[in-house]
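Structure data follow from structure_28.cif (mmCIF, C-alpha atoms):
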```cif
data_input
#
loop_
_atom_site.label_atom_id
_atom_site.label_comp_id
_atom_site.auth_asym_id
_atom_site.auth_seq_id
_atom_site.Cartn_x
_atom_site.Cartn_y
_atom_site.Cartn_z
CA MET A 1 -32.93 23.14 -74.89
CA LEU A 2 -31.00 24.53 -71.96
CA TYR A 3 -34.14 24.60 -69.84
CA SER A 4 -34.94 20.97 -70.52
CA ASN A 5 -31.36 19.91 -69.76
CA GLY A 6 -31.51 21.73 -66.40
CA ILE A 7 -34.72 19.95 -65.48
CA LEU A 8 -33.19 16.57 -66.35
CA ALA A 9 -30.12 17.34 -64.25
CA ILE A 10 -32.19 18.28 -61.18
CA ALA A 11 -34.40 15.20 -61.61
CA GLY A 12 -31.33 12.98 -61.76
CA LEU A 13 -29.89 14.49 -58.57
CA LEU A 14 -33.18 14.02 -56.70
CA SER A 15 -33.35 10.42 -57.85
CA LEU A 16 -29.80 9.78 -56.60
CA VAL A 17 -30.59 11.21 -53.13
CA ALA A 18 -33.87 9.30 -52.87
CA ASN A 19 -32.24 5.97 -53.72
CA SER A 20 -29.37 6.41 -51.19
CA SER A 21 -29.89 4.18 -48.09
CA ALA A 22 -27.33 6.00 -45.92
CA PHE A 23 -25.13 9.00 -45.91
CA VAL A 24 -21.50 7.87 -45.36
CA ILE A 25 -18.97 10.22 -43.74
CA PRO A 26 -15.70 10.22 -45.65
CA SER A 27 -12.93 8.44 -43.80
CA SER A 28 -10.79 11.57 -43.92
CA LEU A 29 -13.38 13.37 -41.77
CA GLN A 30 -14.30 10.58 -39.34
CA ASN A 31 -11.50 11.46 -36.92
CA ASN A 32 -12.90 14.98 -36.58
CA VAL A 33 -16.42 13.90 -35.61
CA ALA A 34 -17.22 14.81 -32.00
CA VAL A 35 -18.54 12.12 -29.63
CA SER A 36 -21.12 13.12 -27.05
CA PRO A 37 -20.33 12.49 -23.36
CA MET A 38 -23.06 9.80 -23.25
CA ASN A 39 -21.48 7.88 -26.12
CA ALA A 40 -17.99 8.40 -24.66
CA ASP A 41 -19.05 6.51 -21.51
CA HIS A 42 -19.96 3.49 -23.60
CA LEU A 43 -16.72 3.65 -25.52
CA SER A 44 -14.54 3.82 -22.41
CA SER A 45 -13.45 0.51 -20.92
CA PRO A 46 -14.07 -0.17 -17.18
CA THR A 47 -10.35 -0.60 -16.66
CA ALA A 48 -9.63 2.87 -18.01
CA LEU A 49 -12.16 4.40 -15.61
CA MET A 50 -10.70 2.75 -12.48
CA ALA A 51 -8.44 5.02 -10.42
CA THR A 52 -5.09 3.61 -9.37
CA PRO A 53 -4.70 3.70 -5.57
CA LYS A 54 -2.03 6.04 -4.26
CA ALA A 55 0.70 4.71 -1.97
CA THR A 56 0.92 6.99 1.07
CA LEU A 57 1.58 6.77 4.80
CA THR A 58 -1.99 7.82 5.57
CA GLU A 59 -5.31 6.07 6.14
CA GLU A 60 -6.05 6.54 2.43
CA SER A 61 -3.74 3.60 1.67
CA THR A 62 -3.88 0.00 2.87
CA TRP A 63 -0.62 -1.92 2.91
CA ARG A 64 -0.20 -5.69 3.04
CA LEU A 65 2.75 -6.77 5.16
CA ARG A 66 3.85 -10.35 4.48
CA PHE A 67 5.95 -11.87 7.25
CA SER A 68 8.13 -14.84 6.39
CA LEU A 69 9.11 -16.09 9.86
CA ASN A 70 11.85 -18.63 10.53
CA GLY A 71 12.97 -20.14 13.83
CA VAL A 72 10.26 -18.41 15.88
CA PRO A 73 10.00 -19.76 19.46
CA THR A 74 6.75 -21.35 20.69
CA LYS A 75 5.26 -21.88 24.14
CA ASN A 76 6.39 -25.52 24.14
CA GLY A 77 9.99 -24.63 23.37
CA LYS A 78 9.89 -25.43 19.65
CA LYS A 79 11.02 -23.25 16.77
CA VAL A 80 8.73 -22.96 13.77
CA GLY A 81 8.61 -21.25 10.40
CA GLU A 82 5.36 -19.70 9.23
CA LEU A 83 4.05 -17.26 6.61
CA PHE A 84 1.65 -14.55 7.79
CA ASN A 85 -0.13 -11.53 6.35
CA VAL A 86 -1.04 -8.32 8.14
CA ASP A 87 -2.99 -5.53 6.41
CA VAL A 88 -2.47 -2.11 7.98
CA GLN A 89 -3.06 1.59 7.49
CA PHE A 90 -0.51 4.13 8.68
CA SER A 91 -1.43 7.43 10.31
CA GLU A 92 0.93 10.32 11.00
CA GLU A 93 0.95 12.29 14.24
CA GLU A 94 1.20 16.02 13.63
CA GLY A 95 3.92 18.16 15.15
CA TYR A 96 6.75 15.63 15.14
CA GLU A 97 10.04 15.69 13.29
CA PRO A 98 11.05 13.28 11.89
CA PRO A 99 7.58 12.16 10.72
CA GLN A 100 6.17 9.33 12.83
CA GLY A 101 2.93 7.79 13.93
CA SER A 102 0.92 4.67 14.61
CA LEU A 103 -0.84 2.02 12.57
CA LYS A 104 -4.09 0.07 12.72
CA GLN A 105 -4.85 -3.39 11.42
CA ILE A 106 -7.36 -3.85 8.62
CA PHE A 107 -9.04 -7.27 8.34
CA PRO A 108 -10.25 -8.30 4.86
CA THR A 109 -13.97 -9.03 4.89
CA ASN A 110 -13.82 -10.82 1.55
CA ILE A 111 -10.51 -12.43 0.72
CA ASN A 112 -10.25 -13.14 -2.99
CA GLY A 113 -7.68 -13.60 -5.73
CA GLU A 114 -4.43 -15.20 -4.64
CA ASP A 115 -5.47 -15.42 -1.00
CA SER A 116 -8.67 -17.43 -1.56
CA ASP A 117 -6.73 -20.53 -2.63
CA SER A 118 -3.88 -20.44 -0.16
CA ASN A 119 -5.49 -20.29 3.33
CA VAL A 120 -3.45 -17.26 4.28
CA GLN A 121 -2.78 -16.86 8.00
CA TYR A 122 -3.33 -13.46 9.59
CA LEU A 123 -1.55 -12.34 12.75
CA LYS A 124 -3.51 -10.18 15.19
CA VAL A 125 -1.79 -6.86 15.84
CA THR A 126 -2.03 -5.30 19.30
CA GLY A 127 -0.05 -2.16 18.54
CA GLY A 128 2.57 -0.62 16.30
CA ARG A 129 4.72 2.43 15.69
CA TRP A 130 6.62 3.80 12.70
CA GLN A 131 9.15 6.58 12.29
CA LEU A 132 11.04 7.91 9.30
CA SER A 133 14.77 8.09 9.86
CA GLU A 134 17.89 9.61 8.39
CA ASP A 135 20.79 7.40 7.40
CA PRO A 136 22.12 5.97 10.72
CA GLU A 137 25.63 6.20 9.26
CA ASP A 138 25.27 9.88 8.28
CA ARG A 139 23.07 11.64 10.80
CA LYS A 140 23.01 15.45 10.84
CA ASP A 141 21.69 15.59 14.43
CA GLY A 142 18.72 17.69 13.34
CA LEU A 143 20.91 20.68 12.44
CA TRP A 144 19.18 20.93 9.04
CA ILE A 145 16.28 22.56 10.94
CA TRP A 146 18.46 25.64 11.43
CA GLY A 147 19.45 25.75 7.79
CA LEU A 148 22.92 24.32 8.36
CA PHE A 149 22.29 21.25 6.21
CA LYS A 150 20.00 20.26 3.41
CA GLU A 151 16.67 18.83 4.55
CA PRO A 152 17.03 15.05 4.97
CA GLN A 153 15.31 12.64 2.62
CA TYR A 154 14.58 10.07 5.33
CA PRO A 155 15.75 6.97 3.47
CA PHE A 156 14.47 4.59 6.17
CA MET A 157 11.27 3.70 7.97
CA LEU A 158 11.73 2.17 11.43
CA LEU A 159 8.75 -0.11 12.00
CA GLN A 160 7.73 -1.92 15.18
CA ILE A 161 4.66 -4.18 15.44
CA ASP A 162 3.35 -6.06 18.48
CA THR A 163 1.31 -9.23 17.88
CA GLU A 164 -0.96 -11.49 19.89
CA GLU A 165 -0.27 -15.13 20.68
CA TYR A 166 -1.04 -17.32 17.67
CA SER A 167 -2.35 -20.86 18.23
CA LEU A 168 -0.70 -23.53 16.08
CA PRO A 169 -2.57 -26.52 14.63
CA GLY A 170 -2.29 -29.74 16.63
CA ASP A 171 -3.44 -31.34 19.85
CA ASP A 172 -0.54 -30.20 22.03
CA GLY A 173 -1.89 -26.66 22.49
CA ASP A 174 1.31 -25.07 21.19
CA ALA A 175 1.33 -21.46 20.06
CA ILE A 176 3.64 -18.73 18.85
CA LYS A 177 4.27 -16.37 21.73
CA PRO A 178 3.33 -12.68 21.48
CA LEU A 179 6.01 -11.00 19.40
CA THR A 180 7.54 -7.57 19.04
CA LEU A 181 8.69 -7.40 15.41
CA TYR A 182 11.08 -4.73 14.16
CA ALA A 183 12.37 -3.80 10.70
CA GLN A 184 14.43 -1.02 9.12
CA ILE A 185 12.80 -0.52 5.72
CA ASN A 186 14.17 1.42 2.76
CA HIS A 187 11.83 4.36 2.17
CA LYS A 188 11.41 6.68 -0.82
CA ARG A 189 8.91 9.50 -1.31
CA ASP A 190 8.20 11.55 -4.42
CA LYS A 191 8.07 15.23 -3.38
CA ASP A 192 5.71 16.15 -6.21
CA THR A 193 3.14 13.36 -5.99
CA GLY A 194 3.61 12.16 -2.40
CA GLU A 195 3.87 8.56 -3.61
CA VAL A 196 5.76 6.28 -1.23
CA GLU A 197 7.92 3.23 -1.95
CA LEU A 198 8.72 0.68 0.79
CA ASP A 199 11.17 -2.13 0.05
CA ALA A 200 11.39 -5.61 1.55
CA ALA A 201 13.62 -5.81 4.61
CA ALA A 202 15.07 -8.15 7.21
CA LEU A 203 12.70 -8.83 10.10
CA ASN A 204 13.84 -9.07 13.72
CA ILE A 205 12.26 -10.17 16.97
CA ARG A 206 12.89 -7.39 19.46
CA GLU A 207 13.15 -8.36 23.12
CA ILE A 208 12.85 -5.47 25.52
CA GLU A 209 14.32 -5.63 29.01
CA THR A 210 13.73 -2.83 31.50
CA ILE A 211 16.53 -2.28 34.01
CA LYS A 212 17.13 0.15 36.83
CA ALA A 213 19.18 3.16 35.83
CA ASP A 214 20.07 4.11 39.41
CA PRO A 215 20.51 2.23 42.72
CA PHE A 216 17.16 3.46 44.03
CA GLY A 217 15.13 2.35 41.01
CA ALA A 218 13.68 5.80 40.42
CA ALA A 219 14.87 5.83 36.81
CA LYS A 220 14.50 2.93 34.40
CA LEU A 221 16.09 2.13 31.07
CA ASP A 222 14.85 -0.09 28.23
CA ILE A 223 17.45 -2.32 26.57
CA TYR A 224 16.70 -3.86 23.20
CA GLU A 225 18.03 -7.18 21.97
CA GLU A 226 17.20 -8.12 18.40
CA VAL A 227 17.34 -11.53 16.73
CA GLN A 228 16.72 -11.88 12.99
CA CYS A 229 13.71 -14.10 12.32
CA GLY A 230 12.93 -13.70 8.63
CA GLN A 231 11.81 -11.06 6.14
CA VAL A 232 8.94 -8.62 5.63
CA SER A 233 7.66 -7.39 2.26
CA LEU A 234 5.12 -4.63 1.70
CA ARG A 235 2.74 -3.88 -1.14
CA LEU A 236 -0.28 -1.65 -1.70
CA VAL A 237 -3.70 -3.33 -1.48
CA ALA A 238 -6.21 -2.19 -4.10
CA ASP A 239 -9.28 -3.91 -2.59
CA SER A 240 -11.15 -1.56 -0.25
CA ASN A 241 -13.58 -4.24 1.03
CA LYS A 242 -12.04 -4.38 4.49
CA SER A 243 -12.96 -3.76 8.11
CA ALA A 244 -10.78 -1.79 10.50
CA VAL A 245 -9.62 -2.88 13.91
CA LEU A 246 -8.56 0.07 16.03
#
```
Hey, can you dump this file as structure tokens for me?
Amino acid sequence: MLYSNGILAIAGLLSLVANSSAFVIPSSLQNNVAVSPMNADHLSSPTALMATPKATLTEESTWRLRFSLNGVPTKNGKKVGELFNVDVQFSEEEGYEPPQGSLKQIFPTNINGEDSDSNVQYLKVTGGRWQLSEDPEDRKDGLWIWGLFKEPQYPFMLLQIDTEEYSLPGDDGDAIKPLTLYAQINHKRDKDTGEVELDAAALNIREIETIKADPFGAAKLDIYEEVQCGQVSLRLVADSNKSAVL
């Protein structure tokens, strides 16, 4: 009797397995099932795989400077207001304190997104310089180098950009004269990550006059006169489809 019951039990178990269409993993164990790297690629979204660009003052980062100009003089004696973009990359020159360097313009080769519908105007840059600066109201005269003061945080970037003449629409041949633009921009840098923050700032036209510093003209001195002409804002550009202009 016991032998026959054992045979019936085994036969029933085999019948149950044979009739099962799938083996279902209990829900309590599904979270512990490993996913192969190949399957993980399919499960990951494209957005999650995209690296966020890092904001730095190096050629690894492209910044878009948006100039909102007001009352800018033209060749024909008019004053106009225009909105311009300039994409640039900063580069630091080694061996200088405070940190400073030059910039180069980057022209988009495929303008898309917000720019494709707005006919954005781009100024042509002929040169530019930047320098980090201590608080002008609380300078330590570089004495921190000798350990007399805490190392400065350089809360400002002093930015100067020279532009080409820009032809204005119309039949009168008017144009915005070549400009020297200057701004003192609030600057923050994370010591751990190197990430940089640059705030919007007032924009000035800087006029430079060179005068003689002695009666014989052997020494010369540059005098700066600045007139506010608008505002500049800066943001990081994620699109790398650009061409450089040195």
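With only C-alpha atoms as the atoms that count, the minimum distance from A:Glu97 to the choices A:Thr74, A:Glu209, A:Gln131, A:Thr193 is reached by A:Gln131.
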>> I want to know what sits within 8 Å of stretch 60-69 of chain A, based on all atoms listed in the file, with residues of the same chain fewer than 4 positions away left out; could you give that as a VMD selection string?
In response: chain A and resid 53 to 56 80 to 90 106 203 229 to 238
Written as a PDB file with C-alpha atoms, in the frame of the given file, which residues does the PyMOL selection byres ((chain A and resi 225) around 8) give for the file shown?
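See out.pdb below for the written result:
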```pdb
ATOM      1  CA  ARG A 206      12.890  -7.390  19.460  1.00  0.00           C
ATOM      2  CA  GLU A 207      13.150  -8.360  23.120  1.00  0.00           C
ATOM      3  CA  ILE A 208      12.850  -5.470  25.520  1.00  0.00           C
ATOM      4  CA  ILE A 223      17.450  -2.320  26.570  1.00  0.00           C
ATOM      5  CA  TYR A 224      16.700  -3.860  23.200  1.00  0.00           C
ATOM      6  CA  GLU A 226      17.200  -8.120  18.400  1.00  0.00           C
ATOM      7  CA  VAL A 227      17.340 -11.530  16.730  1.00  0.00           C
TER       8      VAL A 227
END
```
>> To one decimal place in Å, what is the distance between atom CA of A:Ala201 and atom CA of A:Ile185?
In response: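 Here the two named atoms are 5.5 Å from each other.
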For the structure shown, which residues end up in the PyMOL selection byres ((chain A and resi 184) around 9)? Put them as a PDB file with C-alpha atoms, in the coordinates of the input, please?
```
ATOM      1  CA  PHE A 156      14.470   4.590   6.170  1.00  0.00           C
ATOM      2  CA  MET A 157      11.270   3.700   7.970  1.00  0.00           C
ATOM      3  CA  LEU A 158      11.730   2.170  11.430  1.00  0.00           C
ATOM      4  CA  LEU A 159       8.750  -0.110  12.000  1.00  0.00           C
ATOM      5  CA  TYR A 182      11.080  -4.730  14.160  1.00  0.00           C
ATOM      6  CA  ALA A 183      12.370  -3.800  10.700  1.00  0.00           C
ATOM      7  CA  ILE A 185      12.800  -0.520   5.720  1.00  0.00           C
ATOM      8  CA  ASN A 186      14.170   1.420   2.760  1.00  0.00           C
ATOM      9  CA  ALA A 201      13.620  -5.810   4.610  1.00  0.00           C
ATOM     10  CA  ALA A 202      15.070  -8.150   7.210  1.00  0.00           C
ATOM     11  CA  LEU A 203      12.700  -8.830  10.100  1.00  0.00           C
TER      12      LEU A 203
END
```
